[in-house]
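Enquirer: Would you mind keeping the following structure in view while I ask a few things?
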Amino acid sequence: MENSFKHQVGVIGAGVMGEALISAIIQAGFSASEICISDKRNERLEELKSKYGCSPSSTEDSVSNSQNILLVVKPQDMNALLEKVGKGISNNQRVISFAAGKKTSGIEKYLNSGVPVLRVMPNTPMSVGVGASAISKGQYATNEDVKAVQELLKASGKTIVVDESLQDAVTATSGSGPAYFFRFVEAMISGAQDLGLSEADARTLVIQTITGAAAMLNQEGADPGVLRQNVTSPNGTTYAALQVFEGGDLEGLVKRAMKAARDRSQELS
């Protein structure tokens, strides 16, 4: 794709995920001068300009001057945005949507024919370089377009490529997943305090335990079932705790929660 644009990347939407993307793209080797940002809040633009050196811009200028247009707005704001700027996007640009539930076909109808559209479901750990993102192609996007998105996200963590029909499942798994994890950590800290530990000690023990367990899972060949069994002595303390989880149908509860997230993602489309 020929690049005759002022900026490599235009980020439209400068919230938490927008900032995480800016950070990841700079860490991937792009210069701040190659990135422009737009948002409704001028003070937010100035904050990010000061922090990263990116160029604040109007939405229209971000669209017209950027090779890769990253849509990081709320799903409910997407259609209004595309009605405003969609026809100003040419087929030698890329539109990359990070909005949960918004299908590429729904975006394409606001654009000129042939514009490559890709859909990405990221998650917030991207902001510290250990995110998980799934990329899907719209009808006009090519494998080269996918590679270009992977290049933008290479410092953000891990990326996979999935058929778009699976994006709602991705949303329920990795997109919303950090919140499930954080809620479990909150419950463990509270439980430790109920058992007599101070809040500070409870936080230290729980967070270090979770961090260590995640590191073990990242080892080559690690299997969560085997790791769990290695900690669980017959009729021991861990066994007693896990029996409570099983009695409360932990797996069923998690699956129902993930299905609820998946269903809401479908509703948003």
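Identifiers in the structure tokens: chain A, B, ... in order shown; residue index from 1 per chain; ligand index from 1 in order shown.
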Once DSSP has gone over the backbone, tell me which residues of stretch 12-198 of chain A are in strand (DSSP E or B), as a PyMOL selection string.
Expert: chain A and resi 12+35-38+55-56+66-71+94-97+117-121+131-137+157-161
Enquirer: If we count only C-alpha atoms, what is near A:Pro122 at a cut-off of 7 Å, once residues fewer than 3 positions away on the same chain are taken out, given as a list in words?
Expert: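 In the requested format, the answer is Gly131, Ala132, Ser133, Ala134 and Gly175 of chain A.
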Enquirer: Out of A:Leu153, A:Val95, A:Ile22, A:Ile107, which residue has the shortest atom-to-atom distance to A:Asn79 when counting only C-alpha atoms?
Expert: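 Between A:Leu153, A:Val95, A:Ile22, A:Ile107, the residue approaching A:Asn79 most closely is A:Ile107.
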Enquirer: Which residues come within 9 Å of stretch 260-267 of chain A, counting only C-alpha atoms, excluding same-chain residues fewer than 2 positions away, as an mmCIF file with N, CA and C atoms, in the first residue's frame?
Expert:
```
data_model
loop_
_atom_site.group_PDB
_atom_site.id
_atom_site.type_symbol
_atom_site.label_atom_id
_atom_site.label_comp_id
_atom_site.auth_asym_id
_atom_site.auth_seq_id
_atom_site.Cartn_x
_atom_site.Cartn_y
_atom_site.Cartn_z
ATOM 1 N N ALA A 100 -15.736 -2.706 20.466
ATOM 2 C CA ALA A 100 -16.352 -4.003 20.752
ATOM 3 C C ALA A 100 -17.687 -4.132 20.009
ATOM 4 N N GLY A 101 -17.856 -5.276 19.354
ATOM 5 C CA GLY A 101 -19.142 -5.597 18.758
ATOM 6 C C GLY A 101 -19.412 -5.000 17.395
ATOM 7 N N LYS A 102 -18.596 -4.076 16.911
ATOM 8 C CA LYS A 102 -18.866 -3.418 15.631
ATOM 9 C C LYS A 102 -18.276 -4.238 14.485
ATOM 10 N N GLN A 167 -15.149 -13.041 16.868
ATOM 11 C CA GLN A 167 -14.734 -11.860 17.624
ATOM 12 C C GLN A 167 -15.549 -11.652 18.899
ATOM 13 N N ASP A 168 -16.808 -12.026 18.902
ATOM 14 C CA ASP A 168 -17.591 -11.877 20.128
ATOM 15 C C ASP A 168 -17.089 -12.839 21.210
ATOM 16 N N ALA A 169 -16.637 -14.021 20.792
ATOM 17 C CA ALA A 169 -16.041 -14.965 21.750
ATOM 18 C C ALA A 169 -14.722 -14.428 22.278
ATOM 19 N N VAL A 170 -13.949 -13.771 21.414
ATOM 20 C CA VAL A 170 -12.694 -13.146 21.851
ATOM 21 C C VAL A 170 -12.985 -12.049 22.873
ATOM 22 N N THR A 171 -14.004 -11.252 22.597
ATOM 23 C CA THR A 171 -14.388 -10.183 23.526
ATOM 24 C C THR A 171 -14.677 -10.747 24.909
ATOM 25 N N ALA A 172 -15.394 -11.858 24.953
ATOM 26 C CA ALA A 172 -15.766 -12.475 26.224
ATOM 27 C C ALA A 172 -14.592 -13.150 26.911
ATOM 28 N N THR A 173 -13.544 -13.466 26.157
ATOM 29 C CA THR A 173 -12.395 -14.186 26.708
ATOM 30 C C THR A 173 -11.294 -13.223 27.135
ATOM 31 N N SER A 176 -12.762 -8.804 27.853
ATOM 32 C CA SER A 176 -13.308 -8.566 29.193
ATOM 33 C C SER A 176 -12.537 -9.306 30.272
ATOM 34 N N LYS A 255 -18.370 -19.931 32.758
ATOM 35 C CA LYS A 255 -18.911 -20.088 31.408
ATOM 36 C C LYS A 255 -20.166 -19.236 31.201
ATOM 37 N N ARG A 256 -21.013 -19.155 32.235
ATOM 38 C CA ARG A 256 -22.226 -18.329 32.111
ATOM 39 C C ARG A 256 -21.858 -16.846 32.012
ATOM 40 N N ALA A 257 -20.849 -16.443 32.783
ATOM 41 C CA ALA A 257 -20.394 -15.054 32.729
ATOM 42 C C ALA A 257 -19.829 -14.724 31.348
ATOM 43 N N MET A 258 -19.025 -15.630 30.798
ATOM 44 C CA MET A 258 -18.442 -15.385 29.479
ATOM 45 C C MET A 258 -19.505 -15.368 28.395
ATOM 46 N N SER A 269 -23.455 -5.018 18.229
ATOM 47 C CA SER A 269 -23.212 -4.949 16.791
ATOM 48 C C SER A 269 -24.456 -4.493 16.052
#
```
Enquirer: Between A:Ala187, A:Leu45, A:Gln67, A:Ala32, which one has atoms that come closest to A:Val9, using only C-alpha atoms?
Expert: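 Smallest distance to A:Val9 is found for A:Gln67.
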Enquirer: Measure the distance from atom CA of A:Phe30 to atom CA of A:Gln8 in Å and round it to one decimal.
Expert: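 Atom CA of A:Phe30 sits 8.4 Å away from atom CA of A:Gln8.
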Enquirer: Rank A:Ser58, A:Lys158, A:Ile26, A:Ser198 by their smallest atom-to-atom distance to A:Lys40, using only C-alpha atoms, and report the top residue only.
Expert: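 For A:Lys40, the nearest of the given residues is A:Ser58.
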Enquirer: As a ChimeraX atom specification, which residues of stretch 5-214 of chain A does DSSP assign to alpha helix (DSSP H)?
Expert: /A:16-27,42-52,59-65,75-85,104-108,143-153,167-170,177-194,199-214
Enquirer: Could you work out how far atom CA of A:Arg203 lies from atom CA of A:Ile189, giving the answer in Å with one decimal?
Expert: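 Computing it gives 5.9 Å between the two atoms.
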Enquirer: So that I can see what lies close to stretch 80-83 of chain A, please list as JSON, numbers by chain the residues with an atom at most 9 Å from it, counting only C-alpha atoms and leaving out residues fewer than 3 positions away in the same chain.
Expert: {"A": [59, 73, 76, 77, 86, 87, 107, 110, 111]}
Enquirer: Return the single residue from A:Gln139, A:Gln27, A:Ser62, A:Thr209 that is closest to A:Thr104, with distances computed using only C-alpha atoms.
Expert: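 Once distances to A:Thr104 are computed over only C-alpha atoms, the minimum belongs to A:Gln139.
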Enquirer: Neighbours of A:Ser57 within 8 Å (only C-alpha atoms; same-chain residues fewer than 4 positions away dropped), as a PyMOL selection string?
Expert: chain A and resi 36-38+61-62
Enquirer: Using all heavy atoms, can you export the residues from the last selection as a tab-separated table (two decimals), in the first residue's frame?
Expert:
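Result file follows (part08.tsv):
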```
chain	number	residue	atom	x	y	z
A	36	CYS	N	-0.82	11.02	14.78
A	36	CYS	CA	-1.67	12.14	15.18
A	36	CYS	C	-2.86	11.59	15.96
A	36	CYS	O	-3.25	10.43	15.80
A	36	CYS	CB	-2.12	12.97	13.98
A	36	CYS	SG	-3.17	12.11	12.81
A	37	ILE	N	-3.43	12.42	16.81
A	37	ILE	CA	-4.51	11.98	17.70
A	37	ILE	C	-5.64	13.00	17.68
A	37	ILE	O	-5.41	14.20	17.55
A	37	ILE	CB	-4.01	11.79	19.15
A	37	ILE	CG1	-3.26	13.04	19.64
A	37	ILE	CG2	-3.12	10.57	19.26
A	37	ILE	CD1	-2.84	12.97	21.10
A	38	SER	N	-6.85	12.49	17.78
A	38	SER	CA	-8.00	13.39	17.88
A	38	SER	C	-8.94	12.88	18.96
A	38	SER	O	-9.05	11.68	19.21
A	38	SER	CB	-8.73	13.49	16.54
A	38	SER	OG	-9.26	12.24	16.15
A	61	ASP	N	-8.85	16.00	9.97
A	61	ASP	CA	-7.44	16.01	9.57
A	61	ASP	C	-6.78	14.66	9.85
A	61	ASP	O	-5.93	14.21	9.08
A	61	ASP	CB	-6.70	17.13	10.29
A	61	ASP	CG	-7.02	18.51	9.73
A	61	ASP	OD1	-7.61	18.58	8.63
A	61	ASP	OD2	-6.70	19.51	10.40
A	62	SER	N	-7.14	14.03	10.96
A	62	SER	CA	-6.59	12.70	11.25
A	62	SER	C	-6.96	11.71	10.16
A	62	SER	O	-6.14	10.88	9.74
A	62	SER	CB	-7.11	12.20	12.61
A	62	SER	OG	-6.57	12.93	13.68
```
